[in-house]
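What follows is a single structure, written as structure tokens, with notes after it.
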Amino acid sequence: MDLNLLHTLDALLQENSVTRAAERLGTSPAAVSRTLARLRRAVGDPLLVRAGQTMVPTPRALELRDQVGGVLRDCERLFRPSAPFRAADLDRTFTLQAGDILLAGLAGPLTDRLRTAAPHVDLVFLPEAVEDGPALRQGRIDVELGVLDHLDPETRTEPLARVSLVGLARAGHPLFDGPLTARRFAAADHIGISRRGRRLGPIDRALADLGLRRRVAAVVPSHMSAMQLARDTDLVGLTLPGWLPDTIEALGLRTFTIPLDLPSLDLGMAWHPRHSADPAHRWFRAQVKAVGPRPSTG
């Protein structure tokens, strides 16, 4: 039913007069009379009938009076703009998925940031393995960070940074005793990082273009375990540039530029479009972006 009919019905039932209802609605008595005729047909009841010089409500009209007012109030609440968003009032749990190296660098700063601005917000951090299925689409996670190459077509994304991986080895590694060439890099024993146990990747293709190959002596499922392995051995690993500098120093590690022409990695943030217009979710994405990898024009 046209919502305007309910406004007219409410005015008629409150005033018991076509003329006064018209004044209340800011329209003409003729327009209200036409609407009353439509209402009578729709309800199947005369609603207001003549009693001398006045009009009186029928029993059905009296029954509808409070109901109509309640419906209109509900409609007004439904379409009323929501209250301004205040992070301090937010009581919600957000779930963020990322690889271990990203989580290691942003979990602490993000948690501190949210505890200060939104003390009732809780965080759940999940590993990359969750995205073996459509976790964003299914609502199991709110935000995903990383290399976004497996998303559903409707997923919204925002770029965060374009980076080239750097090498990682213990500070006393023989690699640092002379110029770091592709041949010396290939001659070192390496750590592969793969949740699925893959041994070969872009580094091996770049080395093959130069007629070189390396030995991947160990494969681990995470960057953090690769750091620990590099700390305790002469194996060479990989990491993100400028990320976790305190951890790298504390582990006695050192980073270096890989002497190969390698493709860059595009790191981004992804979320499902059901959350695009949600003020709380927009605020959360802004907090993640503030502590995540920095955008790059390179």
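Each chain in the structure tokens gets a letter, A, B, ..., in the order shown, and its residues are numbered from 1; ligands are numbered from 1 in order too.
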Item to check | Residue contacts of A:Gly99 (9 Å, only C-alpha atoms) excluding same-chain residues fewer than 4 positions away, as a ChimeraX atom specification | outcome: /A:103-104,126-129,145-146,222-223
Rows by chain and residue number, stretch 80-134 of chain A within 12 Å of stretch 270-274 of chain A, shortest pair, only C-alpha atoms, as JSON lines:
```
{"residue": "A:Phe94", "atom": "CA", "partner": "A:Trp271", "partner_atom": "CA", "distance": 11.7}
{"residue": "A:Thr95", "atom": "CA", "partner": "A:Trp271", "partner_atom": "CA", "distance": 10.9}
{"residue": "A:Leu96", "atom": "CA", "partner": "A:Trp271", "partner_atom": "CA", "distance": 9.9}
{"residue": "A:Gln97", "atom": "CA", "partner": "A:Ala270", "partner_atom": "CA", "distance": 9.8}
{"residue": "A:Ala98", "atom": "CA", "partner": "A:Ala270", "partner_atom": "CA", "distance": 10.6}
{"residue": "A:Glu131", "atom": "CA", "partner": "A:Ala270", "partner_atom": "CA", "distance": 11.7}
{"residue": "A:Pro134", "atom": "CA", "partner": "A:His272", "partner_atom": "CA", "distance": 10.3}
```
Item to check | Straight-line distance linking atom CA of A:Gln228 with atom CA of A:Pro245, stated in Å to one decimal | outcome: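 One can read the atom CA of A:Gln228 to atom CA of A:Pro245 distance as 14.4 Å.
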Item to check | Interatomic distance, atom CA of A:Ala30 to atom CA of A:Gln14 (Å, one decimal) | outcome: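 So the two atoms, atom CA of A:Ala30 and atom CA of A:Gln14, lie 18.1 Å apart.
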Checklist entry - Using only C-alpha atoms, which residues sit within 7 Å of A:Phe256 once same-chain residues fewer than 6 positions away are excluded, as JSON, numbers by chain? => result {"A": [166, 167, 168]}
Item to check | Secondary structure check, strand (DSSP E) residues of stretch 2-208 of chain A, as a ChimeraX atom specification | outcome: /A:48-51,54-57,92-97,121-126,143-147,156-163,166-170,189-193
Next on the checklist: Just to confirm, what's the straight-line distance from atom CA of A:Glu154 to atom CA of A:Val124 in Å (one decimal)?
Outcome noted: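 Interatomic distance, atom CA of A:Glu154 to atom CA of A:Val124: 23.7 Å.
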Item to check | Long-range neighbours of A:Gln287 as a list in words, 10 Å cut-off, only C-alpha atoms, 5 positions minimum in chain | outcome: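 Once the adjacent positions are removed, what remains is Pro109, Leu110, Thr111, Arg113, Leu114, Ala117, His281, Arg282 and Gly292 of chain A.
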Checklist entry - Could you pull the residues within 9 Å of stretch 90-92 of chain A, counting only C-alpha atoms, minus those fewer than 3 positions along the same chain, as a list in words? => result Phe85, Arg86, Ala87, Ala118, Pro119, His120, Val121, Asp122, Leu123 and Ala280 of chain A
Next on the checklist: Calculated over only C-alpha atoms, which of the candidates A:Arg20, A:Leu210, A:Gly178, A:Arg162 has the smallest distance to A:Arg294?
Outcome noted: A:Arg162
Item to check | For A:Pro59: contacts at 8 Å, only C-alpha atoms, fewer than 3 positions along chain excluded, given as a list in words | outcome: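 Surrounding residues, per the criterion: Leu47, Leu62 and Glu63 of chain A.
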Next on the checklist: From a backbone DSSP assignment, name each residue in stretch 45-284 of chain A labelled helix (DSSP H, G or I), as a PyMOL selection string.
Outcome noted: chain A and resi 59-79+87-89+100-117+128-132+135-138+174-177+182-187+202-209+223-232+245-250+273-275+279-284
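Excluding A:Met269 and any residue on its chain fewer than 2 positions from it, the residues at most 7 Å away by only C-alpha atoms are Val143, Glu144, Leu145, Gly146, Thr157, Glu158, Pro159 and Leu160 of chain A.
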Next on the checklist: Calculated over only C-alpha atoms, which of the candidates A:Asp149, A:Asp10, A:Asp100, A:Asp189 has the smallest distance to A:Leu240?
Outcome noted: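 So, comparing all the options, the nearest one is A:Asp100.
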Next on the checklist: My list of candidates is A:Ala188, A:Leu175, A:Leu6, A:Leu148. Which is closest to A:Cys75 when distances are computed with only C-alpha atoms?
Outcome noted: A:Leu6
